[in-house]
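Undergrad: Encoded as structure tokens, here's the structure I'll be asking about.
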Amino acid sequence: MTDQEWAKLTPEQKRQYKLDKFLSTEGIKFVNAEAEKAYKIRAKRFADVLNVLEPDQVPVNLPLGSLPLSIYGIDVSDPAYNPAMATEAYDKFNKEYGAELEVYAMPMSMGSFRPLEVLEYKTYVWPGYGLPRGGWFLQFVEGEYMLANEYDALIRDPSDFWLRTYLSRVFGALTPLKQIRPLTDVYEIPGAQSFATSLGMPGVVEALQKMVEAGQEVRKSFSAMRLNSGAAAAHGFANDMGFMGTMARAPFDVLGDTMCGTRGIMMDMYRQPDKLLKALDIIADLMIDSVLSSAGIKDLSGVTYPLHKGADGWLSQKQFETFYFPSLKKVMDAFIKEGLIQNLFAEGAYNTRLESFKEFPKGSVSWLFDLTDMALAKKVLGNRHCIKGNVPASLLIAGEPAEVKEYCRKLIEVCGNGGGFVLASGSNPDNPKLENVRSMMAAIREYGVYH
């Protein structure tokens, strides 16, 4: 399809085009005819719920966490530095449990953390880098990486602020970048000479070399991870992970999580609200341009947002409607126009926020709920958006199989009517019990089939 033909399509037609590509088996080399048949059934199941229709069966995203590693005695933190080493364990898990659980487990695709260690990343720590080995999750380290008096610099020239100020603060190895001359100085020989001189200053050369080293580490990591590309589909497994697509953030979370910090942005709502709103608008524009100008945008199916500070209790409803929602809506609207499904991971509870999202078109949004009241979510959004969740990670880790099955039964009973529902965990458990994962599948087979 040419760019001109694509531009003539409506947002609904663009979204359906992407769903049709998901349903198509063109280019998939199935291991056998049974795998092809299974893929078609599972793909249609997920396409139906994304369209808020009733499929043959409630789809399920089994939350495996680190189970495919721990079950075979592999330290769950090792793949963070060597992603390829997880492949053998996942292959073994699939052969042993894949048919029973109807799942094709894949290693987490975050890649090696070695590049971040090379750059001395400050906003997170993880097992082997600030935390003891043997764990699984990242730990956020909040800081004030953008100061209250720097809004004007961000608004005036965002790229310059990120390059010479922000990166020099969040990456220890890149601290010398603050010595580089502004790129806007390069417009004649004197400016070019000054810029070139700054590149050779003490520390800058070393910082640039660290960037190259980090890039080389990323290439090695991606090379190892590409070995698994397409394996799930080839074995007949389809799920909505293909619609996760690229990552985006609510602009308020960009500023409040890793730039100003919680304290800073909460104060800025009072001490400089106009500058905060301007900055949020600029970050929204940058995010839109970043995604829509990327190569292969027509092959991208969705955009995923981890929503943080919009949750119940962080902001008053007035603050949410003033500072959080408008810039998020601007980003979502731009992507919906291009047919991209918006995947919102509502961390925490979003009971008081659901009404704000009713205006988005039917089938354009898919939710993963953590602590939100699922009955309320079904009532408010269930006829417009796909909803997923919210089996507690704690229940899957520490609960008993009968408890898990009963929880899932109630979820299916409350949310399954009319379709548009995926059974899933509200957050990814570290190391769930195998028997509890089995109970989720048992609940689907017993209660999740539509008649």
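For the structure tokens, the naming scheme is as follows: chains receive sequential letters (A, B, ...) according to their order of presentation, residues are indexed from 1 within each chain, and ligands are indexed from 1 in presentation order.
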Need to verify the contact set: segment 40-57 of chain A, 7 Å, only C-alpha atoms, exclusion of same-chain residues closer than 3 positions in sequence. Can you return it as number ranges by chain?
TA: A: 19, 23, 36-37, 237-240, 363, 366, 383-386, 418-421, 448-450
Undergrad: Name the residues in contact with segment 184-198 of chain A at a cut-off of 12 Å, using only C-alpha atoms, excluding same-chain residues fewer than 4 positions from it; report them as an mmCIF file with C-alpha atoms, in the first residue's frame.
TA:
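Output below, filename out24.cif:
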data_model
loop_
_atom_site.group_PDB
_atom_site.id
_atom_site.type_symbol
_atom_site.label_atom_id
_atom_site.label_comp_id
_atom_site.auth_asym_id
_atom_site.auth_seq_id
_atom_site.Cartn_x
_atom_site.Cartn_y
_atom_site.Cartn_z
ATOM 1 C CA ARG A 156 13.088 26.477 24.071
ATOM 2 C CA ASP A 157 15.159 23.554 22.756
ATOM 3 C CA SER A 159 16.876 18.190 22.027
ATOM 4 C CA ASP A 160 19.612 20.405 23.411
ATOM 5 C CA PHE A 161 18.248 20.006 26.932
ATOM 6 C CA ARG A 164 23.666 18.364 27.220
ATOM 7 C CA PRO A 176 31.071 15.228 30.228
ATOM 8 C CA LEU A 177 28.418 15.831 27.534
ATOM 9 C CA LYS A 178 27.480 19.035 29.320
ATOM 10 C CA GLN A 179 30.764 20.438 27.952
ATOM 11 C CA ILE A 180 29.665 20.042 24.327
ATOM 12 C CA PRO A 202 38.841 15.908 28.462
ATOM 13 C CA GLY A 203 36.140 13.399 29.298
ATOM 14 C CA VAL A 204 34.038 13.994 26.182
ATOM 15 C CA VAL A 205 36.088 11.559 24.100
ATOM 16 C CA LEU A 208 31.591 9.143 23.215
#
Undergrad: Using only C-alpha atoms, find the one residue out of A:Val125, A:Ala424, A:Ala234, A:Ile74 that sits nearest to Asn32 of chain A.
TA: A:Ala234
Undergrad: Could you work out how far atom CA of Ala377 of chain A lies from atom CA of Gly426 of chain A, giving the answer in Å with one decimal?
TA: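 Value for the atom CA of Gly426 of chain A-atom CA of Ala377 of chain A distance: 13.4 Å.
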Undergrad: Using only C-alpha atoms, determine which residues lie at most 12 Å from Leu423 of chain A, disregarding the query and same-chain residues fewer than 3 positions distant; provide the list as a ChimeraX atom specification.
TA: /A:46,49,57-63,239-240,367-369,374,386-392,404-405,407-416,419-420,426,437,440-445,447-448
Undergrad: So which one's closest to Phe335 of chain A, A:Pro68, A:Gly128, A:Pro306, A:Pro11? Using only C-alpha atoms, please.
TA: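 Once distances to Phe335 of chain A are computed over only C-alpha atoms, the minimum belongs to A:Pro11.
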Undergrad: From a DSSP calculation on the backbone, collect every residue of segment 133-320 of chain A in strand (DSSP E or B) and output the set as an NGL selection string.
TA: :A and (139-140 or 171 or 246-247 or 302-307 or 312 or 315)
Undergrad: Excluding Ala248 of chain A and residues on its chain fewer than 4 positions from it, collect all residues at most 8 Å away from it, counting only C-alpha atoms, and give them as a list in words.
TA: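 Using only C-alpha atoms, the neighbours found are Met287, Val303, Thr304, Tyr305 and Pro306 of chain A.
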Undergrad: Rank nothing, just name the residue among A:Asp268, A:Glu446, A:Asp75, A:Glu406 nearest to Pro127 of chain A, using only C-alpha atoms.
TA: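 When distances to Pro127 of chain A are compared using only C-alpha atoms, the smallest one comes from A:Asp75.
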Undergrad: Mind giving me the straight-line distance from atom CA of Glu144 of chain A to atom CA of Met259 of chain A in Å, one decimal?
TA: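 Atom-to-atom, atom CA of Glu144 of chain A to atom CA of Met259 of chain A, that is 6.1 Å.
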Undergrad: How far is it from atom CA of Glu150 of chain A to atom CA of Lys122 of chain A, in Å with one decimal?
TA: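 Result for atom CA of Glu150 of chain A versus atom CA of Lys122 of chain A: 19.8 Å, one decimal.
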Undergrad: Within segment 189-321 of chain A, find each residue whose DSSP state, derived from the backbone, is helix (DSSP H, G or I), and express the selection as a PyMOL selection string.
TA: chain A and resi 189-199+204-228+231-234+240-243+251-258+261-271+273-292+297-299+317-321
Undergrad: Save the residues we just selected, C-alpha atoms, as a PDB file, in the first residue's frame?
TA:
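Output contents, as saved in selection_32.pdb:
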ATOM      1  CA  ILE A 189      33.257  28.033  10.447  1.00  0.00           C
ATOM      2  CA  PRO A 190      33.833  29.628  13.901  1.00  0.00           C
ATOM      3  CA  GLY A 191      30.838  27.810  15.339  1.00  0.00           C
ATOM      4  CA  ALA A 192      31.819  24.533  13.694  1.00  0.00           C
ATOM      5  CA  GLN A 193      35.353  24.846  15.025  1.00  0.00           C
ATOM      6  CA  SER A 194      34.081  25.579  18.522  1.00  0.00           C
ATOM      7  CA  PHE A 195      31.782  22.545  18.394  1.00  0.00           C
ATOM      8  CA  ALA A 196      34.573  20.281  17.112  1.00  0.00           C
ATOM      9  CA  THR A 197      36.886  21.570  19.852  1.00  0.00           C
ATOM     10  CA  SER A 198      34.330  20.663  22.514  1.00  0.00           C
ATOM     11  CA  LEU A 199      34.221  17.086  21.201  1.00  0.00           C
ATOM     12  CA  VAL A 204      34.038  13.994  26.182  1.00  0.00           C
ATOM     13  CA  VAL A 205      36.088  11.559  24.100  1.00  0.00           C
ATOM     14  CA  GLU A 206      35.704   8.908  26.792  1.00  0.00           C
ATOM     15  CA  ALA A 207      31.948   9.574  26.971  1.00  0.00           C
ATOM     16  CA  LEU A 208      31.591   9.143  23.215  1.00  0.00           C
ATOM     17  CA  GLN A 209      33.573   5.914  23.394  1.00  0.00           C
ATOM     18  CA  LYS A 210      31.207   4.652  26.107  1.00  0.00           C
ATOM     19  CA  MET A 211      28.274   5.380  23.802  1.00  0.00           C
ATOM     20  CA  VAL A 212      29.879   3.309  21.052  1.00  0.00           C
ATOM     21  CA  GLU A 213      30.574   0.482  23.511  1.00  0.00           C
ATOM     22  CA  ALA A 214      26.956   0.510  24.692  1.00  0.00           C
ATOM     23  CA  GLY A 215      25.756   0.401  21.094  1.00  0.00           C
ATOM     24  CA  GLN A 216      27.926  -2.620  20.373  1.00  0.00           C
ATOM     25  CA  GLU A 217      26.498  -4.400  23.404  1.00  0.00           C
ATOM     26  CA  VAL A 218      22.962  -3.706  22.166  1.00  0.00           C
ATOM     27  CA  ARG A 219      23.774  -5.201  18.760  1.00  0.00           C
ATOM     28  CA  LYS A 220      25.087  -8.378  20.365  1.00  0.00           C
ATOM     29  CA  SER A 221      21.990  -8.648  22.536  1.00  0.00           C
ATOM     30  CA  PHE A 222      19.550  -8.162  19.643  1.00  0.00           C
ATOM     31  CA  SER A 223      21.435 -10.689  17.543  1.00  0.00           C
ATOM     32  CA  ALA A 224      20.871 -13.323  20.230  1.00  0.00           C
ATOM     33  CA  MET A 225      17.205 -12.404  20.712  1.00  0.00           C
ATOM     34  CA  ARG A 226      16.361 -12.519  16.994  1.00  0.00           C
ATOM     35  CA  LEU A 227      16.939 -16.268  17.060  1.00  0.00           C
ATOM     36  CA  ASN A 228      13.500 -16.629  18.677  1.00  0.00           C
ATOM     37  CA  ALA A 231       8.876 -19.090  16.807  1.00  0.00           C
ATOM     38  CA  ALA A 232       5.558 -18.736  18.661  1.00  0.00           C
ATOM     39  CA  ALA A 233       3.551 -18.183  15.473  1.00  0.00           C
ATOM     40  CA  ALA A 234       5.348 -21.041  13.729  1.00  0.00           C
ATOM     41  CA  ASP A 240      -2.129  -9.913  21.614  1.00  0.00           C
ATOM     42  CA  MET A 241       1.567  -9.333  22.334  1.00  0.00           C
ATOM     43  CA  GLY A 242       1.919  -8.387  18.685  1.00  0.00           C
ATOM     44  CA  PHE A 243      -0.280  -5.390  19.428  1.00  0.00           C
ATOM     45  CA  PRO A 251       3.655  13.118  29.133  1.00  0.00           C
ATOM     46  CA  PHE A 252       2.916  13.809  32.813  1.00  0.00           C
ATOM     47  CA  ASP A 253       4.657  10.528  33.699  1.00  0.00           C
ATOM     48  CA  VAL A 254       7.658  11.439  31.540  1.00  0.00           C
ATOM     49  CA  LEU A 255       8.192  14.579  33.585  1.00  0.00           C
ATOM     50  CA  GLY A 256       7.069  13.191  36.937  1.00  0.00           C
ATOM     51  CA  ASP A 257       8.854   9.836  36.877  1.00  0.00           C
ATOM     52  CA  THR A 258      12.346  10.367  35.501  1.00  0.00           C
ATOM     53  CA  GLY A 261      10.469  13.562  40.144  1.00  0.00           C
ATOM     54  CA  THR A 262       7.234  13.238  42.103  1.00  0.00           C
ATOM     55  CA  ARG A 263       8.007  16.054  44.533  1.00  0.00           C
ATOM     56  CA  GLY A 264       9.069  18.396  41.765  1.00  0.00           C
ATOM     57  CA  ILE A 265       6.051  17.935  39.503  1.00  0.00           C
ATOM     58  CA  MET A 266       3.591  18.081  42.403  1.00  0.00           C
ATOM     59  CA  MET A 267       5.048  21.450  43.415  1.00  0.00           C
ATOM     60  CA  ASP A 268       5.141  22.691  39.829  1.00  0.00           C
ATOM     61  CA  MET A 269       1.368  22.225  39.524  1.00  0.00           C
ATOM     62  CA  TYR A 270       1.167  25.109  42.023  1.00  0.00           C
ATOM     63  CA  ARG A 271       4.320  27.198  41.521  1.00  0.00           C
ATOM     64  CA  PRO A 273       1.378  25.531  36.206  1.00  0.00           C
ATOM     65  CA  ASP A 274       1.558  27.377  32.862  1.00  0.00           C
ATOM     66  CA  LYS A 275       5.139  26.263  32.203  1.00  0.00           C
ATOM     67  CA  LEU A 276       4.255  22.727  33.247  1.00  0.00           C
ATOM     68  CA  LEU A 277       1.345  22.631  30.786  1.00  0.00           C
ATOM     69  CA  LYS A 278       3.564  23.993  28.008  1.00  0.00           C
ATOM     70  CA  ALA A 279       6.229  21.384  28.729  1.00  0.00           C
ATOM     71  CA  LEU A 280       3.619  18.613  28.721  1.00  0.00           C
ATOM     72  CA  ASP A 281       2.377  19.782  25.333  1.00  0.00           C
ATOM     73  CA  ILE A 282       5.895  19.797  23.909  1.00  0.00           C
ATOM     74  CA  ILE A 283       6.648  16.309  25.233  1.00  0.00           C
ATOM     75  CA  ALA A 284       3.384  15.093  23.677  1.00  0.00           C
ATOM     76  CA  ASP A 285       4.469  16.499  20.301  1.00  0.00           C
ATOM     77  CA  LEU A 286       7.908  14.901  20.602  1.00  0.00           C
ATOM     78  CA  MET A 287       6.372  11.524  21.441  1.00  0.00           C
ATOM     79  CA  ILE A 288       3.943  11.679  18.539  1.00  0.00           C
ATOM     80  CA  ASP A 289       6.684  12.610  16.083  1.00  0.00           C
ATOM     81  CA  SER A 290       9.041   9.945  17.419  1.00  0.00           C
ATOM     82  CA  VAL A 291       6.536   7.131  16.812  1.00  0.00           C
ATOM     83  CA  LEU A 292       4.933   8.324  13.591  1.00  0.00           C
ATOM     84  CA  ILE A 297       5.054   2.646  10.903  1.00  0.00           C
ATOM     85  CA  LYS A 298       2.369   0.878   8.809  1.00  0.00           C
ATOM     86  CA  ASP A 299       3.668  -2.460  10.141  1.00  0.00           C
ATOM     87  CA  GLN A 317      -9.912  14.717  39.706  1.00  0.00           C
ATOM     88  CA  LYS A 318      -9.429  18.366  38.750  1.00  0.00           C
ATOM     89  CA  GLN A 319      -5.647  17.926  38.612  1.00  0.00           C
ATOM     90  CA  PHE A 320      -6.072  14.768  36.527  1.00  0.00           C
ATOM     91  CA  GLU A 321      -8.348  16.586  34.079  1.00  0.00           C
TER      92      GLU A 321
END
Undergrad: Within 6 Å of Ser364 of chain A, counting only C-alpha atoms, which residues qualify if same-chain residues fewer than 2 places away don't, as a PDB file with C-alpha atoms, in the first residue's frame?
TA:
ATOM      1  CA  ILE A 341      -4.379   0.162  19.115  1.00  0.00           C
ATOM      2  CA  PRO A 361     -13.561   5.092  19.604  1.00  0.00           C
ATOM      3  CA  LYS A 362     -14.744   1.523  19.986  1.00  0.00           C
TER       4      LYS A 362
END
Undergrad: Might you pull out every residue within 7 Å of segment 399-401 of chain A, with only C-alpha atoms counted and same-chain residues fewer than 6 positions away left off, and present them as a PyMOL selection string?
TA: chain A and resi 435-436+439
Undergrad: Name the residues in contact with segment 79-83 of chain A at a cut-off of 6 Å, using only C-alpha atoms, excluding same-chain residues fewer than 6 positions from it; report them as a count of residues only.
TA: 3
